[in-house]
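Undergrad: What follows is a single structure, and I will ask about it in a moment.
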Amino acid sequence: MATEEANLGGWSTVKPVTEEVKEICIKEKSEIEKKAAINFKDYIPLLYKSQTVAGTNYLVKLDVCQENGTLEDKCVHVMIHQALPCNGGKLTVTGVQYPKTIIDPLVPF
């Protein structure tokens, strides 16, 4: 049975971002820029993995400096925790890795 529920505590496969994940990234942009110590030229969420724990952990790849779609694109990998709704659903940026490239795999950190 290959469902997200069967993988509680484990990371999902890498998927294209959903509208929900895009909204989370937009809400946390200033915190991500602060932790990366840079204001990004671009800010395009691309891919993500998730982990269901006491809430949800998101590991997201964002394209932050496009160079005509080449492998030279600069990306940032971001870990964001979303608390359970019963605990307020608060978003917390727990980690930022910058710079990354478009081909760097999403590996939990």
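Chain identifiers are assigned as A, B, and so on, following the order in which chains appear in the structure tokens; residues are numbered from 1 within each chain, and ligands are numbered from 1 in order of appearance.
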Mind checking DSSP for chain A and telling me the strand (DSSP E) residues as a PyMOL selection string?
TA: chain A and resi 15-16+44-53+55-65+74-82+91-101
Undergrad: Would you pick out the contacts of Val93 (chain A) at 8 Å or less, using only C-alpha atoms, so that residues sharing its chain but fewer than 4 positions from it are not included, and give the list as a PyMOL selection string?
TA: chain A and resi 28+31-32+78-81
Undergrad: I'd like to know which residues of chain A are helix (DSSP H, G or I) (by DSSP, run on the backbone); could you write them as a ChimeraX atom specification?
TA: /A:5-7,19-27,29-36,85-87
Undergrad: How would the residues just chosen look if you wrote them out with N, CA and C atoms as a PDB file, in the first residue's frame?
TA:
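Produced file result_8.pdb, reproduced below:
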```
ATOM      1  N   GLU A   5      -0.156   7.877   4.227  1.00  0.00           N
ATOM      2  CA  GLU A   5      -0.456   7.406   5.572  1.00  0.00           C
ATOM      3  C   GLU A   5       0.393   6.206   5.957  1.00  0.00           C
ATOM      4  N   ALA A   6       0.731   5.374   4.965  1.00  0.00           N
ATOM      5  CA  ALA A   6       1.549   4.201   5.244  1.00  0.00           C
ATOM      6  C   ALA A   6       2.990   4.598   5.552  1.00  0.00           C
ATOM      7  N   ASN A   7       3.329   5.849   5.352  1.00  0.00           N
ATOM      8  CA  ASN A   7       4.693   6.324   5.511  1.00  0.00           C
ATOM      9  C   ASN A   7       4.818   7.331   6.660  1.00  0.00           C
ATOM     10  N   GLU A  19      -0.286  24.184  -4.481  1.00  0.00           N
ATOM     11  CA  GLU A  19      -0.646  25.557  -4.113  1.00  0.00           C
ATOM     12  C   GLU A  19      -0.420  25.783  -2.618  1.00  0.00           C
ATOM     13  N   GLU A  20      -0.728  24.784  -1.806  1.00  0.00           N
ATOM     14  CA  GLU A  20      -0.533  24.910  -0.357  1.00  0.00           C
ATOM     15  C   GLU A  20       0.940  25.141  -0.020  1.00  0.00           C
ATOM     16  N   VAL A  21       1.831  24.381  -0.641  1.00  0.00           N
ATOM     17  CA  VAL A  21       3.266  24.532  -0.373  1.00  0.00           C
ATOM     18  C   VAL A  21       3.759  25.884  -0.895  1.00  0.00           C
ATOM     19  N   LYS A  22       3.269  26.324  -2.065  1.00  0.00           N
ATOM     20  CA  LYS A  22       3.634  27.655  -2.573  1.00  0.00           C
ATOM     21  C   LYS A  22       3.239  28.739  -1.575  1.00  0.00           C
ATOM     22  N   GLU A  23       2.019  28.645  -1.036  1.00  0.00           N
ATOM     23  CA  GLU A  23       1.555  29.641  -0.063  1.00  0.00           C
ATOM     24  C   GLU A  23       2.427  29.646   1.188  1.00  0.00           C
ATOM     25  N   ILE A  24       2.818  28.470   1.658  1.00  0.00           N
ATOM     26  CA  ILE A  24       3.694  28.378   2.833  1.00  0.00           C
ATOM     27  C   ILE A  24       5.024  29.072   2.541  1.00  0.00           C
ATOM     28  N   CYS A  25       5.590  28.810   1.366  1.00  0.00           N
ATOM     29  CA  CYS A  25       6.870  29.432   0.996  1.00  0.00           C
ATOM     30  C   CYS A  25       6.755  30.949   0.899  1.00  0.00           C
ATOM     31  N   ILE A  26       5.654  31.429   0.342  1.00  0.00           N
ATOM     32  CA  ILE A  26       5.448  32.879   0.231  1.00  0.00           C
ATOM     33  C   ILE A  26       5.338  33.510   1.616  1.00  0.00           C
ATOM     34  N   LYS A  27       4.587  32.868   2.507  1.00  0.00           N
ATOM     35  CA  LYS A  27       4.441  33.393   3.872  1.00  0.00           C
ATOM     36  C   LYS A  27       5.779  33.475   4.598  1.00  0.00           C
ATOM     37  N   LYS A  29       8.878  33.781   3.161  1.00  0.00           N
ATOM     38  CA  LYS A  29       9.965  34.315   2.334  1.00  0.00           C
ATOM     39  C   LYS A  29      10.929  35.194   3.120  1.00  0.00           C
ATOM     40  N   SER A  30      10.420  36.133   3.887  1.00  0.00           N
ATOM     41  CA  SER A  30      11.328  37.045   4.602  1.00  0.00           C
ATOM     42  C   SER A  30      12.191  36.289   5.614  1.00  0.00           C
ATOM     43  N   GLU A  31      11.637  35.288   6.265  1.00  0.00           N
ATOM     44  CA  GLU A  31      12.416  34.495   7.230  1.00  0.00           C
ATOM     45  C   GLU A  31      13.475  33.659   6.509  1.00  0.00           C
ATOM     46  N   ILE A  32      13.138  33.122   5.348  1.00  0.00           N
ATOM     47  CA  ILE A  32      14.094  32.335   4.562  1.00  0.00           C
ATOM     48  C   ILE A  32      15.230  33.231   4.078  1.00  0.00           C
ATOM     49  N   GLU A  33      14.898  34.425   3.578  1.00  0.00           N
ATOM     50  CA  GLU A  33      15.935  35.364   3.134  1.00  0.00           C
ATOM     51  C   GLU A  33      16.822  35.776   4.306  1.00  0.00           C
ATOM     52  N   LYS A  34      16.228  35.977   5.454  1.00  0.00           N
ATOM     53  CA  LYS A  34      16.996  36.359   6.645  1.00  0.00           C
ATOM     54  C   LYS A  34      17.995  35.261   7.012  1.00  0.00           C
ATOM     55  N   LYS A  35      17.537  34.007   7.003  1.00  0.00           N
ATOM     56  CA  LYS A  35      18.425  32.895   7.369  1.00  0.00           C
ATOM     57  C   LYS A  35      19.495  32.642   6.314  1.00  0.00           C
ATOM     58  N   ALA A  36      19.183  32.929   5.031  1.00  0.00           N
ATOM     59  CA  ALA A  36      20.170  32.759   3.955  1.00  0.00           C
ATOM     60  C   ALA A  36      21.079  33.982   3.837  1.00  0.00           C
ATOM     61  N   PRO A  85      -3.056  21.737  13.331  1.00  0.00           N
ATOM     62  CA  PRO A  85      -4.082  22.775  13.517  1.00  0.00           C
ATOM     63  C   PRO A  85      -4.504  22.934  14.983  1.00  0.00           C
ATOM     64  N   CYS A  86      -4.579  21.827  15.721  1.00  0.00           N
ATOM     65  CA  CYS A  86      -4.968  21.918  17.133  1.00  0.00           C
ATOM     66  C   CYS A  86      -3.918  22.628  17.979  1.00  0.00           C
ATOM     67  N   ASN A  87      -2.708  22.768  17.419  1.00  0.00           N
ATOM     68  CA  ASN A  87      -1.630  23.494  18.097  1.00  0.00           C
ATOM     69  C   ASN A  87      -1.370  24.852  17.443  1.00  0.00           C
TER      70      ASN A  87
END
```
Undergrad: Compile the contact shell of region 38-51 of chain A as an NGL selection string: residues with an atom at most 8 Å away, counting only C-alpha atoms, same-chain residues fewer than 2 positions apart removed.
TA: :A and (8-17 or 22 or 25 or 33-34 or 36 or 53 or 56-66 or 106)
